[in-house]
>>> print(open('entry.cif').read())   # mmCIF, C-alpha atoms
data_input
#
loop_
_atom_site.label_atom_id
_atom_site.label_comp_id
_atom_site.auth_asym_id
_atom_site.auth_seq_id
_atom_site.Cartn_x
_atom_site.Cartn_y
_atom_site.Cartn_z
CA MET M 29 103.40 100.54 88.92
CA ARG M 30 102.85 102.73 86.12
CA LEU M 31 106.05 104.30 85.26
CA HIS M 32 107.44 104.21 81.77
CA VAL M 33 109.26 101.87 79.26
CA LEU M 34 112.30 101.06 77.00
CA PRO M 35 112.76 99.68 73.49
CA ILE M 36 111.04 96.44 73.10
CA LEU M 37 109.12 97.53 75.99
CA MET M 38 111.13 99.20 78.58
CA ALA M 39 109.11 100.93 81.08
CA LEU M 40 109.42 103.40 83.79
CA LEU M 41 106.20 103.77 85.61
CA VAL M 42 104.69 107.16 85.30
CA SER M 43 102.66 109.16 87.75
CA CYS M 44 102.14 112.78 87.95
CA SER M 45 99.72 110.79 89.72
CA ALA M 46 100.02 107.06 89.45
CA GLN M 47 101.88 104.51 87.41
CA ARG M 48 104.94 102.45 87.32
CA ARG M 49 107.75 103.05 84.94
CA PHE M 50 110.91 101.34 83.96
CA THR M 51 113.80 102.63 81.91
CA VAL M 52 116.53 101.04 79.87
CA ASN M 53 120.16 100.99 80.77
CA PRO M 54 121.95 101.72 77.45
CA GLN M 55 125.13 100.07 78.76
CA THR M 56 123.56 96.71 79.56
CA ASN M 57 120.34 96.88 77.51
CA THR M 58 118.43 95.83 80.62
CA ILE M 59 115.40 97.37 82.27
CA PRO M 60 116.08 98.46 85.83
CA TRP M 61 112.78 99.21 87.54
CA ARG M 62 112.68 102.75 88.75
CA GLN M 63 113.37 103.26 92.44
CA GLN M 64 110.74 104.68 94.75
CA PRO M 65 111.03 108.33 95.83
CA MET M 66 112.59 109.13 99.20
CA PRO M 67 110.81 107.47 102.14
CA GLN M 68 108.57 109.28 104.58
CA GLN M 69 106.78 107.58 107.42
CA LYS M 70 103.15 107.78 108.47
CA THR M 71 102.54 108.99 111.99
CA GLY M 72 99.71 108.18 114.33
CA THR M 73 96.93 110.57 115.34
CA SER M 74 98.36 113.58 117.15
CA ASN M 75 95.77 114.99 119.53
CA GLY M 76 96.07 117.29 122.52
CA GLU M 77 98.31 120.09 121.22
CA SER M 78 97.35 123.53 122.52
CA CYS M 79 96.25 126.05 119.92
CA PHE M 80 94.15 129.17 119.35
CA THR M 81 91.03 129.37 117.22
CA THR M 82 90.49 132.07 114.59
CA ASP M 83 88.71 134.20 117.20
CA GLN M 84 91.62 133.67 119.60
CA GLN M 85 89.96 131.23 121.96
CA GLU M 86 92.29 128.77 123.61
CA GLY M 87 91.71 125.31 122.24
CA VAL M 88 93.10 121.85 121.61
CA CYS M 89 93.96 120.14 118.31
CA VAL M 90 91.52 117.26 117.75
CA LYS M 91 90.11 115.29 114.83
CA TYR M 92 87.09 116.92 113.20
CA THR M 93 84.83 114.21 114.56
CA MET M 94 85.72 115.21 118.14
CA CYS M 95 84.67 118.88 117.85
CA MET M 96 81.17 120.35 117.90
CA ASP M 97 82.25 123.19 115.61
CA GLU M 98 81.80 122.94 111.84
CA PRO M 99 85.14 121.91 110.30
CA PRO M 100 86.60 124.11 107.56
CA LYS M 101 86.76 122.69 104.08
CA ILE M 102 90.28 121.59 103.27
CA ASP M 103 91.97 121.98 99.92
CA ALA M 104 93.79 118.66 99.59
CA THR M 105 96.20 120.18 97.08
CA ARG M 106 97.63 122.30 99.91
CA ALA M 107 98.31 119.39 102.22
CA PHE M 108 102.05 119.89 101.82
CA VAL M 109 101.64 123.48 103.00
CA TYR M 110 99.77 122.48 106.12
CA ARG M 111 102.38 119.87 106.95
CA SER M 112 105.14 122.43 106.82
CA GLN M 113 103.45 124.98 109.04
CA ASP M 114 104.61 126.08 112.46
CA THR M 115 104.43 123.34 115.09
CA SER M 116 101.90 125.41 117.04
CA GLN M 117 99.36 124.76 114.29
CA CYS M 118 97.16 121.69 114.24
CA PRO M 119 98.23 118.72 112.12
CA PHE M 120 96.61 118.22 108.74
CA LEU M 121 92.94 117.13 109.07
CA GLN M 122 92.69 118.28 112.69
CA ILE M 123 90.88 121.37 113.98
CA CYS M 124 91.60 123.79 116.81
CA CYS M 125 88.57 123.18 119.00
CA PRO M 126 87.61 125.31 122.07
CA ARG M 127 87.86 123.13 125.16
CA ASN M 128 84.17 123.55 125.92
CA ARG M 129 83.28 122.29 122.42
CA ILE M 130 85.21 119.01 122.51
CA ARG M 131 83.02 115.91 122.26
CA THR M 132 83.33 112.94 124.58
CA THR M 133 82.70 110.55 121.66
CA PRO M 134 83.33 111.14 117.95
CA VAL M 135 80.48 111.90 115.57
CA VAL M 136 81.12 110.51 112.09
CA PRO M 137 79.35 112.28 109.21
CA PRO M 138 76.84 109.96 107.52
CA ILE M 139 77.76 108.52 104.14
CA ASN M 140 74.96 107.58 101.82
CA PRO M 141 75.31 103.91 100.91
CA THR M 142 75.39 102.98 97.23
CA THR M 143 74.37 99.75 95.59
CA GLY M 144 76.46 98.53 92.69
CA CYS M 145 80.07 98.95 91.68
CA GLY M 146 82.04 101.99 90.58
CA TYR M 147 80.24 104.73 92.47
CA SER M 148 82.30 107.61 93.78
CA ASN M 149 81.51 108.24 97.41
CA ILE M 150 78.78 110.85 97.78
CA GLY M 151 80.14 111.86 101.18
CA ALA M 152 83.59 112.62 99.81
CA GLY M 153 82.96 116.38 99.86
CA VAL M 154 83.47 116.49 103.59
CA PHE M 155 87.11 117.53 103.10
CA ARG M 156 86.72 119.30 99.78
CA GLN M 157 87.50 122.98 99.42
CA THR M 158 84.31 124.40 97.95
CA GLY M 159 84.55 126.61 94.89
CA THR M 160 87.85 125.17 93.69
CA THR M 161 88.66 123.03 90.71
CA ALA M 162 90.35 119.67 90.89
CA SER M 163 94.12 120.08 90.66
CA GLY M 164 95.71 116.74 91.06
CA ARG M 165 94.21 115.43 94.31
CA ALA M 166 91.30 113.08 94.90
CA ASP M 167 88.86 113.79 97.68
CA PHE M 168 88.45 111.45 100.63
CA ALA M 169 86.67 108.26 99.46
CA GLU M 170 86.29 109.61 95.93
CA PHE M 171 87.70 106.34 94.58
CA PRO M 172 86.67 103.80 97.25
CA TRP M 173 88.07 100.84 95.27
CA MET M 174 91.65 102.16 95.37
CA VAL M 175 93.99 99.83 97.25
CA ALA M 176 97.57 100.41 98.39
CA LEU M 177 99.93 97.43 98.20
CA LEU M 178 102.41 97.42 101.08
CA LYS M 179 105.22 95.22 102.29
CA LYS M 180 104.45 93.73 105.67
CA THR M 181 106.15 95.77 108.38
CA ASP M 182 105.04 97.27 111.69
CA GLY M 183 101.75 98.74 110.45
CA VAL M 184 102.73 102.39 109.98
CA TRP M 185 102.93 103.83 106.47
CA ASN M 186 106.45 104.14 105.21
CA ASP M 187 107.06 105.10 101.60
CA LYS M 188 109.83 102.53 101.23
CA ASP M 189 107.24 99.83 102.00
CA TYR M 190 104.71 101.17 99.47
CA ILE M 191 104.78 98.87 96.46
CA GLY M 192 102.07 100.31 94.22
CA GLY M 193 98.36 100.39 93.60
CA GLY M 194 95.55 97.93 93.11
CA THR M 195 91.80 97.78 92.53
CA LEU M 196 89.23 96.11 94.76
CA ILE M 197 87.09 94.07 92.34
CA SER M 198 85.63 91.68 94.93
CA PRO M 199 85.62 91.94 98.74
CA SER M 200 88.40 89.34 98.78
CA VAL M 201 90.22 90.01 95.47
CA VAL M 202 92.50 92.86 94.37
CA LEU M 203 93.53 93.39 90.73
CA THR M 204 97.00 94.82 90.14
CA ALA M 205 99.86 94.85 87.61
CA ALA M 206 101.87 91.62 87.57
CA HIS M 207 105.20 93.43 87.49
CA LYS M 208 104.45 94.79 90.96
CA VAL M 209 104.12 91.44 92.66
CA ASP M 210 105.71 88.74 90.49
CA SER M 211 108.86 88.66 92.63
CA LEU M 212 107.01 88.59 95.97
CA ARG M 213 105.49 85.86 98.08
CA PRO M 214 101.95 86.28 99.42
CA ASN M 215 103.17 86.47 103.03
CA GLN M 216 105.29 89.51 102.14
CA LEU M 217 102.25 91.54 101.08
CA LYS M 218 99.28 93.28 102.61
CA CYS M 219 96.52 95.35 101.01
CA ARG M 220 95.16 98.57 102.48
CA ALA M 221 91.76 99.96 101.45
CA GLY M 222 90.12 103.18 102.62
CA GLU M 223 93.42 105.11 102.73
CA TRP M 224 93.65 108.74 101.62
CA GLU M 225 96.25 110.89 103.40
CA THR M 226 99.18 108.65 104.20
CA GLN M 227 101.06 110.65 106.84
CA ASN M 228 98.51 110.55 109.64
CA GLU M 229 95.33 108.76 110.66
CA ASN M 230 93.02 111.76 111.01
CA GLU M 231 90.50 110.76 108.34
CA TYR M 232 87.09 110.33 109.91
CA LEU M 233 86.82 106.69 108.81
CA PRO M 234 89.75 104.27 109.30
CA TYR M 235 91.46 102.23 106.61
CA GLN M 236 91.36 98.43 106.62
CA GLU M 237 94.25 96.03 105.96
CA ARG M 238 94.13 92.45 104.74
CA ASP M 239 96.81 89.79 104.23
CA VAL M 240 97.31 88.08 100.88
CA ASP M 241 96.64 84.35 100.67
CA ARG M 242 97.76 83.71 97.08
CA ILE M 243 98.88 85.55 93.95
CA ASN M 244 97.55 84.51 90.55
CA THR M 245 99.66 86.02 87.77
CA HIS M 246 98.56 85.83 84.15
CA LEU M 247 100.30 82.84 82.57
CA GLU M 248 101.40 84.87 79.54
CA PHE M 249 102.86 87.75 81.54
CA ALA M 250 106.11 88.93 79.93
CA ARG M 251 108.01 91.27 82.25
CA LEU M 252 110.39 92.55 79.57
CA ASP M 253 107.57 93.79 77.35
CA ALA M 254 104.82 94.25 79.98
CA HIS M 255 102.47 92.03 77.98
CA TYR M 256 99.55 90.50 79.92
CA ASP M 257 100.69 92.57 82.90
CA ALA M 258 97.98 91.51 85.35
CA ALA M 259 97.73 89.63 88.63
CA LEU M 260 94.96 88.81 91.08
CA LEU M 261 95.60 88.95 94.83
CA PHE M 262 93.31 86.62 96.76
CA LEU M 263 92.97 87.78 100.37
CA VAL M 264 92.94 85.74 103.55
CA THR M 265 89.78 87.54 104.72
CA PRO M 266 87.53 89.89 102.72
CA PHE M 267 87.34 93.64 103.18
CA THR M 268 84.25 94.98 104.92
CA ILE M 269 82.42 97.13 102.39
CA GLN M 270 81.68 100.62 103.75
CA GLY M 271 81.09 104.09 102.36
CA HIS M 272 84.80 104.69 101.81
CA ILE M 273 85.60 101.10 100.76
CA ASN M 274 83.70 99.68 97.80
CA LEU M 275 84.06 97.68 94.60
CA ALA M 276 85.14 98.83 91.16
CA CYS M 277 83.42 98.07 87.87
CA LEU M 278 85.57 96.54 85.14
CA ALA M 279 85.12 97.80 81.59
CA PRO M 280 84.40 95.06 79.01
CA THR M 281 85.33 97.46 76.18
CA LEU M 282 87.46 100.59 75.85
CA PRO M 283 85.74 103.96 75.49
CA PRO M 284 86.64 105.97 72.36
CA PRO M 285 89.93 107.90 72.13
CA GLY M 286 89.68 111.35 73.67
CA THR M 287 87.53 110.20 76.59
CA VAL M 288 88.85 111.96 79.70
CA CYS M 289 89.66 109.37 82.35
CA TYR M 290 91.54 109.52 85.66
CA GLY M 291 94.71 107.92 86.98
CA MET M 292 95.56 107.76 90.67
CA GLY M 293 98.06 106.54 93.24
CA TRP M 294 100.53 107.63 95.91
CA GLY M 295 103.58 107.50 93.67
CA LYS M 296 105.95 110.32 92.79
CA ASP M 297 104.40 113.74 93.34
CA PHE M 298 105.10 116.47 90.79
CA THR M 299 104.53 119.18 93.41
CA ASN M 300 107.56 117.83 95.26
CA SER M 301 109.37 115.40 92.98
CA GLN M 302 111.64 114.07 95.71
CA TYR M 303 108.76 112.46 97.52
CA ASN M 304 105.70 110.33 97.06
CA ALA M 305 102.32 112.04 97.14
CA HIS M 306 100.74 111.98 100.59
CA VAL M 307 97.19 112.64 99.41
CA LEU M 308 95.76 110.27 96.80
CA LYS M 309 96.30 111.73 93.34
CA LYS M 310 93.61 112.27 90.70
CA ILE M 311 95.09 112.85 87.25
CA PRO M 312 92.92 113.66 84.21
CA LEU M 313 94.17 111.57 81.28
CA PRO M 314 92.45 111.42 77.89
CA LEU M 315 92.59 108.05 76.14
CA VAL M 316 94.90 108.00 73.11
CA ASP M 317 94.29 106.10 69.88
CA LYS M 318 96.69 103.17 69.34
CA ALA M 319 98.09 104.51 66.06
CA ASP M 320 98.61 107.99 67.53
CA CYS M 321 100.28 106.53 70.59
CA GLU M 322 102.69 104.50 68.49
CA ARG M 323 103.49 107.51 66.32
CA MET M 324 104.37 109.61 69.40
CA LEU M 325 106.32 106.92 71.25
CA ARG M 326 108.36 105.97 68.17
CA LYS M 327 109.95 109.43 68.40
CA THR M 328 111.32 108.54 71.84
CA ILE M 329 114.00 106.12 73.03
CA LEU M 330 111.53 103.31 72.32
CA GLY M 331 112.49 103.64 68.68
CA PRO M 332 110.78 103.48 65.25
CA GLN M 333 109.71 99.84 65.59
CA TYR M 334 107.76 100.29 68.82
CA THR M 335 104.21 98.90 68.83
CA VAL M 336 101.48 98.94 71.45
CA HIS M 337 100.63 95.35 72.36
CA ARG M 338 96.99 94.28 72.32
CA THR M 339 97.01 94.03 76.15
CA LEU M 340 98.16 97.64 76.51
CA THR M 341 96.61 101.02 75.81
CA CYS M 342 97.67 104.66 76.08
CA ALA M 343 96.48 107.79 77.87
CA GLY M 344 97.71 111.30 78.60
CA GLY M 345 100.53 113.00 76.75
CA TYR M 346 100.29 116.47 78.29
CA ALA M 347 103.05 118.31 80.10
CA ASP M 348 103.08 117.75 83.88
CA VAL M 349 99.84 115.74 83.79
CA ASP M 350 100.78 112.11 84.19
CA THR M 351 101.06 109.16 86.49
CA CYS M 352 104.58 108.41 87.65
CA MET M 353 106.99 106.17 89.56
CA GLY M 354 105.23 104.25 92.29
CA ASP M 355 101.81 104.38 90.63
CA GLY M 356 102.15 101.02 88.90
CA GLY M 357 99.12 98.77 89.23
CA ALA M 358 96.79 101.64 90.16
CA PRO M 359 93.53 101.89 88.21
CA LEU M 360 92.76 104.14 85.27
CA VAL M 361 89.02 104.87 85.41
CA CYS M 362 86.57 106.44 82.96
CA PRO M 363 83.12 107.88 83.76
CA ILE M 364 80.00 105.91 82.86
CA GLY M 365 76.29 106.63 82.93
CA ASP M 366 74.65 109.82 84.14
CA PRO M 367 77.34 112.39 85.10
CA SER M 368 75.34 113.25 88.22
CA GLU M 369 75.93 109.72 89.50
CA THR M 370 79.74 110.09 89.43
CA ARG M 371 80.23 106.48 88.47
CA TYR M 372 83.37 105.00 86.91
CA MET M 373 84.70 101.83 85.29
CA VAL M 374 88.28 100.58 85.30
CA VAL M 375 89.74 100.58 81.78
CA GLY M 376 93.42 100.29 82.63
CA MET M 377 96.22 99.96 85.16
CA THR M 378 99.39 102.05 85.26
CA ALA M 379 102.09 100.11 83.45
CA TYR M 380 105.07 102.13 82.17
CA GLY M 381 106.37 105.26 80.55
CA LEU M 382 109.58 107.08 79.80
CA ASP M 383 112.14 107.93 82.43
CA ARG M 384 110.65 111.40 82.97
CA CYS M 385 106.99 111.71 83.83
CA GLY M 386 104.70 114.30 82.30
CA ILE M 387 106.44 115.05 79.00
CA ASP M 388 104.32 116.88 76.45
CA GLY M 389 103.47 114.63 73.51
CA VAL M 390 104.49 111.43 75.30
CA PRO M 391 101.50 109.40 76.54
CA GLY M 392 101.77 106.83 79.31
CA VAL M 393 101.17 103.14 78.70
CA TYR M 394 98.51 101.27 80.67
CA VAL M 395 97.34 97.69 80.96
CA ASN M 396 94.29 97.25 78.72
CA VAL M 397 91.75 95.84 81.19
CA PRO M 398 89.04 95.05 78.58
CA LYS M 399 91.51 92.76 76.79
CA LEU M 400 91.97 90.85 80.05
CA TYR M 401 88.32 91.01 81.08
CA ARG M 402 87.60 87.39 80.13
CA TRP M 403 90.65 86.11 82.04
CA ILE M 404 89.69 88.09 85.14
CA THR M 405 86.03 87.09 85.14
CA SER M 406 86.92 83.43 84.58
CA GLN M 407 88.49 83.44 88.04
CA VAL M 408 86.50 86.03 89.97
CA ASP M 409 82.85 86.96 90.20
CA VAL M 410 83.04 90.69 89.59
CA ALA M 411 80.30 93.27 89.91
CA GLN M 412 78.58 94.10 86.63
CA ILE M 413 78.13 97.59 85.23
#
>>> encode(input="entry.cif", output="structure tokens")
Amino acid sequence: MRLHVLPILMALLVSCSAQRRFTVNPQTNTIPWRQQPMPQQKTGTSNGESCFTTDQQEGVCVKYTMCMDEPPKIDATRAFVYRSQDTSQCPFLQICCPRNRIRTTPVVPPINPTTGCGYSNIGAGVFRQTGTTASGRADFAEFPWMVALLKKTDGVWNDKDYIGGGTLISPSVVLTAAHKVDSLRPNQLKCRAGEWETQNENEYLPYQERDVDRINTHLEFARLDAHYDAALLFLVTPFTIQGHINLACLAPTLPPPGTVCYGMGWGKDFTNSQYNAHVLKKIPLPLVDKADCERMLRKTILGPQYTVHRTLTCAGGYADVDTCMGDGGAPLVCPIGDPSETRYMVVGMTAYGLDRCGIDGVPGVYVNVPKLYRWITSQVDVAQI
């Protein structure tokens, strides 16, 4: 959970988009992990509501795949607006379809298959608002290796059951931050891949869920300092690889400081800080040099002796652009190869930050995946860049 830390490594996971943080209690000198934002529950597909189209034809609210009409492009950053609209309007990701245009069977837009790890889904633009710039939200299937870690409940999404993020590095293995799962048993966990908008099931391809068989935490993991903060979740059955569910590439080395990378997750949402984000976040975060990171963080509650451990790295440091509570364990990815290929490699995982997310001049702290690359690949056959 990337949130953020305390002296001698206190962390409070950060996520204007996706990390876990923890903060220090000055009375007890302990590190209470930050609580999740207020819970909201995912609902099922809501079809059949009467509505009127833009040209005032009477219609019915259906998923895009059930209507012969071309769906409008949706700006994911306005999802919270759509959810708060009048009840006569269609739910988010549904369309008001004239009754004579409703299909008897859904038609799913084709997604071009990719070979190899780390490719952003080419078909992701199906929901994207054309002509707009990215402003904090990923598109559907843009990061097909993103996994949500959930407590086992009745199957519906409930924010109180959302634990944090993970990365699909093999069809049957998820990489996450150790501090997210070190207190849990495998039978308390499930992993969900292919998720995007958490409050309904109107995406045109469904998510998949898998149970966890065993948890392998790094033997040198130190919760107090977030050193070696990595764990592997081995699944009972593998995920089925599809266009919106695919494998990540792991970076063997860190790109240079200043490289613009992206954090993600469904943790605390800066557009509505009381709640978790409902649409997967996409937060631009430049990598920060170790010495610069230490210089900036020593000016905070972490104190003048703070150092960045070799298994950690830093990114961000801009106002209101950050991962936050609930994003811990989610991947930090950097682009690789030809920009037209939209391919990424995982360089980090959200680890911790200060109590407040998105403070100017205060970068977030992430697990340094390249430093743990040898440990990971000694236990899992991962896809190569």
>>> resolve_selection(input="entry.cif", expression="the PyMOL selection byres ((chain M and resi 397) around 9)", output="number ranges by chain")
M: 258, 278-282, 339-341, 374-377, 394-396, 398-401, 404
>>> atom_distance(input="entry.cif", atom1="CA of Thr133 (chain M)", atom2="CA of Glu77 (chain M)")
18.3 Å
>>> resolve_selection(input="entry.cif", expression="the PyMOL selection byres ((chain M and resi 196-209) around 6)", output="list of chain:residue names")
M:Trp173, M:Gly194, M:Thr195, M:Asp210, M:Ser211, M:Leu212, M:Asp257, M:Ala258, M:Ala259, M:Leu260, M:Leu261, M:Phe262, M:Leu263, M:Pro266, M:Phe267, M:Leu275, M:Ala276, M:Gly357, M:Val410
>>> atom_distance(input="entry.cif", atom1="CA of Pro367 (chain M)", atom2="CA of Glu170 (chain M)")
14.3 Å
>>> residues_around(input="entry.cif", residues="region 389-391 of chain M", least_positions_apart="3", cutoff="8 Å", atoms="only C-alpha atoms", output="PyMOL selection string")
chain M and resi 316+321+324-325+342-347+381+386
>>> atom_distance(input="entry.cif", atom1="CA of Leu313 (chain M)", atom2="CA of Gln270 (chain M)")
27.9 Å
>>> residues_near_point(input="entry.cif", point="(89.6, 105.9, 72.4)", cutoff="6 Å", atoms="only C-alpha atoms", output="compact mmCIF listing (two decimals) with C-alpha atoms, keeping the file's coordinate frame")
# COMPACT_ATOMS: atom_id res chain seq x y z
CA PRO M 283 85.74 103.96 75.49
CA PRO M 284 86.64 105.97 72.36
CA PRO M 285 89.93 107.90 72.13
CA GLY M 286 89.68 111.35 73.67
CA LEU M 315 92.59 108.05 76.14
CA VAL M 316 94.90 108.00 73.11
CA ASP M 317 94.29 106.10 69.88
>>> resolve_selection(input="entry.cif", expression="the PyMOL selection byres ((chain M and resi 218) around 7)", output="NGL selection string")
:M and (177-180 or 217 or 219-220 or 237-240)
>>> write_last_selection(input="entry.cif", atoms="C-alpha atoms", output="compact mmCIF listing (two decimals), keeping the file's coordinate frame")
# COMPACT_ATOMS: atom_id res chain seq x y z
CA LEU M 177 99.93 97.43 98.20
CA LEU M 178 102.41 97.42 101.08
CA LYS M 179 105.22 95.22 102.29
CA LYS M 180 104.45 93.73 105.67
CA LEU M 217 102.25 91.54 101.08
CA CYS M 219 96.52 95.35 101.01
CA ARG M 220 95.16 98.57 102.48
CA GLU M 237 94.25 96.03 105.96
CA ARG M 238 94.13 92.45 104.74
CA ASP M 239 96.81 89.79 104.23
CA VAL M 240 97.31 88.08 100.88
>>> closest_residue(input="entry.cif", among="M:Glu231, M:Asp348, M:Asp241, M:Asp355", to="Met94 (chain M)", atoms="only C-alpha atoms")
M:Glu231
>>> closest_residue(input="entry.cif", among="M:Ser368, M:Gln85, M:Asn228, M:Thr181", to="Cys124 (chain M)", atoms="all atoms listed in the file")
M:Gln85
>>> closest_residue(input="entry.cif", among="M:Ala319, M:Val90, M:Ile273, M:Leu382", to="Pro134 (chain M)", atoms="only C-alpha atoms")
M:Val90
>>> closest_residue(input="entry.cif", among="M:Leu121, M:Met373, M:Val307, M:Leu360", to="Gly295 (chain M)", atoms="only C-alpha atoms")
M:Val307
>>> closest_residue(input="entry.cif", among="M:Cys289, M:Asn244, M:Val349, M:Cys362", to="Val408 (chain M)", atoms="only C-alpha atoms")
M:Asn244
>>> residues_near_point(input="entry.cif", point="(86.2, 116.9, 115.8)", cutoff="8 Å", atoms="all atoms listed in the file", output="MDAnalysis selection string")
chainID M and resid 90:97 99 122:123 125 130:131 134:135
>>> build_atoms(input="entry.cif", residues="region 216-231 of chain M", atoms="N, CA and C atoms", output="PDB file, in the frame of the given file")
ATOM      1  N   GLN M 216     104.532  88.261 102.091  1.00  0.00           N
ATOM      2  CA  GLN M 216     105.290  89.510 102.140  1.00  0.00           C
ATOM      3  C   GLN M 216     104.396  90.725 101.883  1.00  0.00           C
ATOM      4  N   LEU M 217     103.140  90.480 101.538  1.00  0.00           N
ATOM      5  CA  LEU M 217     102.250  91.540 101.080  1.00  0.00           C
ATOM      6  C   LEU M 217     101.061  91.752 102.007  1.00  0.00           C
ATOM      7  N   LYS M 218     100.584  92.988 102.034  1.00  0.00           N
ATOM      8  CA  LYS M 218      99.280  93.280 102.610  1.00  0.00           C
ATOM      9  C   LYS M 218      98.617  94.354 101.760  1.00  0.00           C
ATOM     10  N   CYS M 219      97.301  94.389 101.791  1.00  0.00           N
ATOM     11  CA  CYS M 219      96.520  95.350 101.010  1.00  0.00           C
ATOM     12  C   CYS M 219      95.797  96.290 101.963  1.00  0.00           C
ATOM     13  N   ARG M 220      95.827  97.570 101.652  1.00  0.00           N
ATOM     14  CA  ARG M 220      95.160  98.570 102.480  1.00  0.00           C
ATOM     15  C   ARG M 220      94.103  99.294 101.651  1.00  0.00           C
ATOM     16  N   ALA M 221      92.864  99.246 102.098  1.00  0.00           N
ATOM     17  CA  ALA M 221      91.760  99.960 101.450  1.00  0.00           C
ATOM     18  C   ALA M 221      91.242 101.045 102.393  1.00  0.00           C
ATOM     19  N   GLY M 222      90.654 102.096 101.812  1.00  0.00           N
ATOM     20  CA  GLY M 222      90.120 103.180 102.620  1.00  0.00           C
ATOM     21  C   GLY M 222      91.165 104.213 103.009  1.00  0.00           C
ATOM     22  N   GLU M 223      92.368 104.126 102.438  1.00  0.00           N
ATOM     23  CA  GLU M 223      93.420 105.110 102.730  1.00  0.00           C
ATOM     24  C   GLU M 223      93.199 106.360 101.895  1.00  0.00           C
ATOM     25  N   TRP M 224      93.725 107.485 102.364  1.00  0.00           N
ATOM     26  CA  TRP M 224      93.650 108.740 101.620  1.00  0.00           C
ATOM     27  C   TRP M 224      94.902 109.576 101.851  1.00  0.00           C
ATOM     28  N   GLU M 225      95.068 110.099 103.063  1.00  0.00           N
ATOM     29  CA  GLU M 225      96.250 110.890 103.400  1.00  0.00           C
ATOM     30  C   GLU M 225      97.183 109.994 104.209  1.00  0.00           C
ATOM     31  N   THR M 226      98.364 109.741 103.679  1.00  0.00           N
ATOM     32  CA  THR M 226      99.180 108.650 104.200  1.00  0.00           C
ATOM     33  C   THR M 226     100.016 108.996 105.419  1.00  0.00           C
ATOM     34  N   GLN M 227     100.123 110.269 105.784  1.00  0.00           N
ATOM     35  CA  GLN M 227     101.060 110.650 106.840  1.00  0.00           C
ATOM     36  C   GLN M 227     100.443 110.758 108.227  1.00  0.00           C
ATOM     37  N   ASN M 228      99.132 110.587 108.326  1.00  0.00           N
ATOM     38  CA  ASN M 228      98.510 110.550 109.640  1.00  0.00           C
ATOM     39  C   ASN M 228      97.259 109.681 109.551  1.00  0.00           C
ATOM     40  N   GLU M 229      96.544 109.569 110.637  1.00  0.00           N
ATOM     41  CA  GLU M 229      95.330 108.760 110.660  1.00  0.00           C
ATOM     42  C   GLU M 229      94.144 109.599 111.117  1.00  0.00           C
ATOM     43  N   ASN M 230      94.053 110.820 110.589  1.00  0.00           N
ATOM     44  CA  ASN M 230      93.020 111.760 111.010  1.00  0.00           C
ATOM     45  C   ASN M 230      91.776 111.740 110.143  1.00  0.00           C
ATOM     46  N   GLU M 231      91.740 110.891 109.103  1.00  0.00           N
ATOM     47  CA  GLU M 231      90.500 110.760 108.340  1.00  0.00           C
ATOM     48  C   GLU M 231      89.386 110.293 109.280  1.00  0.00           C
TER      49      GLU M 231
END
